[in-house]
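One file, query_7.txt, is given below (compact mmCIF, C-alpha atoms).
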# COMPACT_ATOMS: atom_id res chain seq x y z
CA MET O 1 43.18 -17.50 -46.98
CA LEU O 2 39.91 -16.72 -48.74
CA GLU O 3 39.80 -13.16 -49.97
CA THR O 4 36.09 -12.36 -50.07
CA ARG O 5 32.94 -12.85 -48.07
CA THR O 6 31.35 -14.67 -51.01
CA ASP O 7 34.25 -17.15 -51.17
CA ALA O 8 34.14 -17.76 -47.42
CA GLU O 9 30.39 -18.29 -47.37
CA HIS O 10 30.48 -20.59 -50.41
CA HIS O 11 33.22 -22.72 -48.83
CA THR O 12 31.48 -22.83 -45.44
CA ALA O 13 28.12 -23.79 -46.97
CA ALA O 14 29.75 -26.54 -49.05
CA THR O 15 31.47 -28.01 -45.99
CA GLN O 16 28.25 -27.79 -43.98
CA ARG O 17 26.53 -29.70 -46.81
CA GLN O 18 29.20 -32.42 -46.58
CA ILE O 19 28.48 -32.73 -42.87
CA ILE O 20 24.74 -33.07 -43.51
CA ASP O 21 25.30 -35.60 -46.30
CA ALA O 22 27.41 -37.78 -43.96
CA PHE O 23 24.37 -38.71 -41.87
CA PRO O 24 23.04 -42.25 -42.33
CA SER O 25 20.81 -42.74 -45.36
CA GLY O 26 17.17 -42.00 -44.59
CA ALA O 27 17.92 -40.59 -41.13
CA VAL O 28 17.26 -36.93 -41.98
CA SER O 29 13.69 -35.89 -42.71
CA ASP O 30 14.15 -32.11 -42.92
CA THR O 31 16.90 -29.49 -42.97
CA SER O 32 16.53 -25.76 -42.47
CA THR O 33 19.29 -23.19 -42.64
CA GLY O 34 19.40 -19.76 -41.02
CA GLY O 35 20.82 -16.60 -42.54
CA TRP O 36 24.43 -15.49 -42.54
CA ALA O 37 25.77 -13.38 -39.68
CA LEU O 38 29.07 -11.50 -39.56
CA LEU O 39 31.40 -11.78 -36.58
CA ASP O 40 34.65 -10.01 -35.69
CA CYS O 41 37.92 -11.94 -36.00
CA SER O 42 40.36 -9.08 -35.50
CA GLU O 43 40.68 -5.39 -36.21
CA ASN O 44 40.70 -5.90 -39.98
CA GLU O 45 39.13 -9.35 -40.42
CA ILE O 46 35.65 -10.77 -40.09
CA GLN O 47 34.02 -14.17 -40.52
CA SER O 48 30.60 -15.40 -41.56
CA SER O 49 28.48 -17.75 -39.49
CA ILE O 50 25.42 -19.81 -40.40
CA SER O 51 23.44 -22.47 -38.61
CA ALA O 52 21.42 -25.44 -39.74
CA THR O 53 18.82 -27.48 -37.91
CA MET O 54 18.02 -31.00 -39.03
CA THR O 55 15.01 -33.07 -38.07
CA LEU O 56 15.80 -36.75 -37.71
CA ALA O 57 13.42 -39.40 -39.00
CA ARG O 58 14.94 -41.80 -36.48
CA ALA O 59 17.67 -41.90 -33.87
CA VAL O 60 21.20 -42.27 -35.19
CA PRO O 61 24.24 -43.91 -33.56
CA ILE O 62 26.03 -40.80 -32.29
CA ASP O 63 29.66 -42.01 -32.18
CA GLU O 64 29.39 -43.74 -35.57
CA THR O 65 27.76 -40.68 -37.13
CA TYR O 66 30.42 -38.34 -35.73
CA ASP O 67 33.10 -40.71 -37.09
CA ALA O 68 31.41 -40.71 -40.53
CA ILE O 69 31.26 -36.90 -40.55
CA THR O 70 34.93 -36.62 -39.58
CA HIS O 71 35.92 -39.13 -42.25
CA GLU O 72 33.91 -37.21 -44.86
CA VAL O 73 35.84 -33.96 -44.34
CA GLU O 74 39.32 -35.27 -43.43
CA ALA O 75 40.46 -35.22 -47.06
CA GLU O 76 40.10 -31.42 -47.06
CA GLY O 77 42.35 -31.09 -44.01
CA TYR O 78 39.68 -31.02 -41.30
CA ARG O 79 40.01 -32.72 -37.95
CA GLY O 80 37.18 -33.70 -35.65
CA GLU O 81 37.11 -33.87 -31.89
CA GLN O 82 34.25 -34.95 -29.67
CA SER O 83 33.56 -33.17 -26.41
CA THR O 84 30.94 -33.54 -23.72
CA THR O 85 28.75 -30.62 -22.68
CA ALA O 86 25.80 -30.32 -20.31
CA ARG O 87 23.57 -31.09 -23.32
CA GLY O 88 25.48 -34.21 -24.40
CA THR O 89 28.26 -35.07 -26.80
CA GLN O 90 29.12 -32.70 -29.62
CA LEU O 91 31.56 -32.83 -32.50
CA VAL O 92 33.87 -29.90 -33.23
CA ILE O 93 35.39 -29.90 -36.71
CA THR O 94 38.26 -27.51 -37.35
CA GLY O 95 39.87 -26.69 -40.67
CA GLU O 96 43.45 -25.70 -41.42
CA ALA O 97 42.30 -22.07 -41.73
CA ASN O 98 40.47 -22.23 -38.38
CA ASP O 99 37.00 -22.46 -39.86
CA GLN O 100 34.86 -24.43 -37.42
CA TYR O 101 31.70 -26.51 -37.38
CA PHE O 102 29.88 -27.57 -34.20
CA VAL O 103 27.54 -30.55 -34.55
CA ALA O 104 25.20 -31.62 -31.75
CA ILE O 105 22.98 -34.67 -32.23
CA GLU O 106 19.97 -34.68 -29.92
CA ASN O 107 18.37 -38.10 -30.49
CA ASP O 108 15.83 -37.55 -27.71
CA LYS O 109 14.47 -34.50 -29.59
CA ARG O 110 15.13 -36.00 -33.05
CA ARG O 111 17.16 -32.90 -33.82
CA VAL O 112 20.66 -31.99 -34.96
CA LEU O 113 22.11 -28.51 -34.55
CA ILE O 114 25.02 -27.36 -36.70
CA SER O 115 26.79 -24.04 -36.20
CA SER O 116 29.29 -23.13 -38.91
CA PHE O 117 31.94 -20.42 -38.79
CA SER O 118 33.98 -19.49 -41.88
CA GLN O 119 37.64 -18.75 -41.87
CA CYS O 120 38.48 -15.09 -41.35
CA PHE O 121 38.68 -12.80 -44.35
CA PRO O 122 39.56 -9.11 -44.86
CA GLY O 123 36.91 -6.62 -43.80
CA SER O 124 35.12 -5.10 -40.85
CA LEU O 125 31.65 -5.29 -39.38
CA ALA O 126 31.05 -1.78 -40.72
CA ASP O 127 31.21 -3.26 -44.25
CA GLY O 128 28.10 -5.36 -43.28

Same coordinates, now as structure tokens:
Amino acid sequence: MLETRTDAEHHTAATQRQIIDAFPSGAVSDTSTGGWALLDCSENEIQSSISATMTLARAVPIDETYDAITHEVEAEGYRGEQSTTARGTQLVITGEANDQYFVAIENDKRRVLISSFSQCFPGSLADG
């Protein structure tokens, strides 16, 4: 378990970067990242969340890209699972400490949305 917010955010940002770097070479033209938000995990634990939006220079093969992302993070104990939503197929990556990353490739909009949630760490939303 990570003990501080800084540790959790550093780890989450590094994993999110791995996900972004797993996209095919030359496929990403721009990446923007939002700010961190705190969320409740339990009475005495919180987690940090951050999102990223990527602009695609071209469409990418969705299944192959999701496989490449999963392969990129498997060595650190992550597992990936695809699911279908009303908006299309998304990839959910879950770590051994229950940190999660949701990746949705929208080729028709040339956009990728990534929502990242750190593992829980000691604290409360009042610590903000």

Find the residues near Asn44 in chain O: any atom within 9 Å, counting all atoms listed in the file, skip ones fewer than 5 places away on the same chain, and give them as a list in words.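 These residues fall inside the cut-off: Phe121, Pro122, Gly123 and Ser124 of chain O.
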
Contacts of range 27-37 of chain O within 8 Å, all atoms listed in the file, excl. fewer than 2 positions in-chain, as a PyMOL selection string: chain O and resi 23-25+39+48-60

Distance in Å - CA of Ala8 in chain O versus CA of Leu91 in chain O: 21.4 Å

As a check of understanding: the span from CA of Gln18 in chain O to CA of Thr65 in chain O is 12.6 Å

Would you mind telling me which residue in O:Ala86, O:Leu125, O:Ile69, O:Ala97 lies nearest to Glu45 in chain O when using all atoms listed in the file?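 When distances to Glu45 in chain O are compared using all atoms listed in the file, the smallest one comes from O:Leu125.
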
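Of the residues under consideration (O:Glu72, O:Asp99, O:Glu106, O:Asp67), O:Asp99 shows the shortest atom-to-atom contact distance to Ile46 in chain O when counting all atoms listed in the file.
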
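Using all atoms listed in the file, the smallest distance between any of O:Val73, O:Gln90, O:Gly95, O:Asn107 and Arg17 in chain O comes from O:Val73.
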
Shortest interatomic distance to Ile20 in chain O - which of O:Thr89, O:Thr4, O:Thr70, O:Glu81, counting only C-alpha atoms: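 For Ile20 in chain O, the nearest of the given residues is O:Thr70.
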
Length of the CA of His10 in chain O to CA of Asn98 in chain O vector [Å]: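 Separation between CA of His10 in chain O and CA of Asn98 in chain O: 15.7 Å.
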
Between O:Ala104, O:Gly77, O:Leu38, O:Ala68, which residue has the minimum interatomic distance to Glu9 in chain O, considering all atoms listed in the file? O:Leu38

Quick test: take range 83-98 of chain O, keep all heavy atoms, and write it as a tab-separated table (two decimals), in the first residue's frame.
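Final file, part-v4.tsv:
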chain	number	residue	atom	x	y	z
O	83	SER	N	-14.59	-4.36	-22.22
O	83	SER	CA	-16.03	-4.43	-22.02
O	83	SER	C	-16.70	-3.52	-23.05
O	83	SER	O	-16.06	-2.60	-23.57
O	83	SER	CB	-16.41	-4.03	-20.60
O	83	SER	OG	-16.06	-2.68	-20.36
O	84	THR	N	-17.95	-3.81	-23.32
O	84	THR	CA	-18.68	-3.01	-24.29
O	84	THR	C	-19.69	-2.14	-23.57
O	84	THR	O	-20.42	-2.61	-22.69
O	84	THR	CB	-19.41	-3.92	-25.30
O	84	THR	OG1	-18.42	-4.76	-25.93
O	84	THR	CG2	-20.12	-3.12	-26.36
O	85	THR	N	-19.69	-0.85	-23.91
O	85	THR	CA	-20.64	0.10	-23.35
O	85	THR	C	-21.46	0.68	-24.49
O	85	THR	O	-21.23	0.36	-25.66
O	85	THR	CB	-19.89	1.24	-22.62
O	85	THR	OG1	-19.24	2.05	-23.60
O	85	THR	CG2	-18.89	0.71	-21.62
O	86	ALA	N	-22.39	1.55	-24.18
O	86	ALA	CA	-23.20	2.21	-25.20
O	86	ALA	C	-22.33	3.04	-26.14
O	86	ALA	O	-22.70	3.28	-27.29
O	86	ALA	CB	-24.25	3.09	-24.55
O	87	ARG	N	-21.15	3.45	-25.67
O	87	ARG	CA	-20.25	4.29	-26.47
O	87	ARG	C	-19.22	3.47	-27.24
O	87	ARG	O	-18.43	4.02	-27.97
O	87	ARG	CB	-19.55	5.29	-25.56
O	87	ARG	CG	-20.55	6.24	-24.91
O	87	ARG	CD	-19.88	7.20	-24.01
O	87	ARG	NE	-19.29	8.25	-24.83
O	87	ARG	CZ	-18.51	9.19	-24.35
O	87	ARG	NH1	-18.22	9.21	-23.07
O	87	ARG	NH2	-18.01	10.11	-25.14
O	88	GLY	N	-19.19	2.16	-27.03
O	88	GLY	CA	-18.22	1.32	-27.73
O	88	GLY	C	-17.45	0.45	-26.76
O	88	GLY	O	-17.83	0.26	-25.61
O	89	THR	N	-16.32	-0.06	-27.23
O	89	THR	CA	-15.48	-0.93	-26.42
O	89	THR	C	-14.53	-0.10	-25.58
O	89	THR	O	-13.93	0.86	-26.06
O	89	THR	CB	-14.67	-1.88	-27.31
O	89	THR	OG1	-15.58	-2.60	-28.14
O	89	THR	CG2	-13.87	-2.87	-26.50
O	90	GLN	N	-14.37	-0.48	-24.32
O	90	GLN	CA	-13.39	0.17	-23.47
O	90	GLN	C	-12.51	-0.89	-22.82
O	90	GLN	O	-12.88	-2.06	-22.76
O	90	GLN	CB	-14.04	1.04	-22.41
O	90	GLN	CG	-14.71	0.29	-21.28
O	90	GLN	CD	-15.23	1.23	-20.20
O	90	GLN	OE1	-15.20	2.44	-20.33
O	90	GLN	NE2	-15.71	0.66	-19.12
O	91	LEU	N	-11.36	-0.46	-22.36
O	91	LEU	CA	-10.43	-1.33	-21.66
O	91	LEU	C	-10.37	-0.88	-20.21
O	91	LEU	O	-10.21	0.31	-19.93
O	91	LEU	CB	-9.03	-1.23	-22.29
O	91	LEU	CG	-7.91	-1.99	-21.60
O	91	LEU	CD1	-8.15	-3.50	-21.69
O	91	LEU	CD2	-6.57	-1.62	-22.22
O	92	VAL	N	-10.51	-1.84	-19.30
O	92	VAL	CA	-10.38	-1.57	-17.88
O	92	VAL	C	-9.13	-2.29	-17.40
O	92	VAL	O	-9.03	-3.51	-17.54
O	92	VAL	CB	-11.61	-2.04	-17.07
O	92	VAL	CG1	-11.41	-1.75	-15.59
O	92	VAL	CG2	-12.88	-1.40	-17.60
O	93	ILE	N	-8.19	-1.54	-16.87
O	93	ILE	CA	-6.93	-2.10	-16.35
O	93	ILE	C	-6.98	-1.98	-14.83
O	93	ILE	O	-7.23	-0.90	-14.30
O	93	ILE	CB	-5.72	-1.35	-16.91
O	93	ILE	CG1	-5.69	-1.48	-18.43
O	93	ILE	CG2	-4.44	-1.85	-16.28
O	93	ILE	CD1	-4.71	-0.55	-19.09
O	94	THR	N	-6.74	-3.10	-14.15
O	94	THR	CA	-6.80	-3.12	-12.70
O	94	THR	C	-5.48	-3.64	-12.14
O	94	THR	O	-4.97	-4.67	-12.59
O	94	THR	CB	-7.96	-4.01	-12.21
O	94	THR	OG1	-9.17	-3.55	-12.83
O	94	THR	CG2	-8.10	-3.95	-10.70
O	95	GLY	N	-4.96	-2.93	-11.15
O	95	GLY	CA	-3.72	-3.33	-10.50
O	95	GLY	C	-3.99	-4.18	-9.28
O	95	GLY	O	-5.13	-4.30	-8.80
O	96	GLU	N	-2.94	-4.77	-8.75
O	96	GLU	CA	-3.04	-5.63	-7.57
O	96	GLU	C	-3.54	-4.88	-6.35
O	96	GLU	O	-4.10	-5.47	-5.43
O	96	GLU	CB	-1.69	-6.29	-7.28
O	96	GLU	CG	-1.28	-7.26	-8.37
O	96	GLU	CD	0.14	-7.77	-8.22
O	96	GLU	OE1	0.94	-7.20	-7.45
O	96	GLU	OE2	0.45	-8.78	-8.88
O	97	ALA	N	-3.36	-3.55	-6.33
O	97	ALA	CA	-3.82	-2.74	-5.20
O	97	ALA	C	-5.14	-2.03	-5.54
O	97	ALA	O	-5.51	-1.06	-4.90
O	97	ALA	CB	-2.76	-1.72	-4.82
O	98	ASN	N	-5.83	-2.53	-6.57
O	98	ASN	CA	-7.12	-2.01	-7.01
O	98	ASN	C	-7.06	-0.60	-7.59
O	98	ASN	O	-8.09	0.09	-7.62
O	98	ASN	CB	-8.17	-2.10	-5.90
O	98	ASN	CG	-8.59	-3.53	-5.66
O	98	ASN	OD1	-8.68	-4.32	-6.59
O	98	ASN	ND2	-8.81	-3.87	-4.40
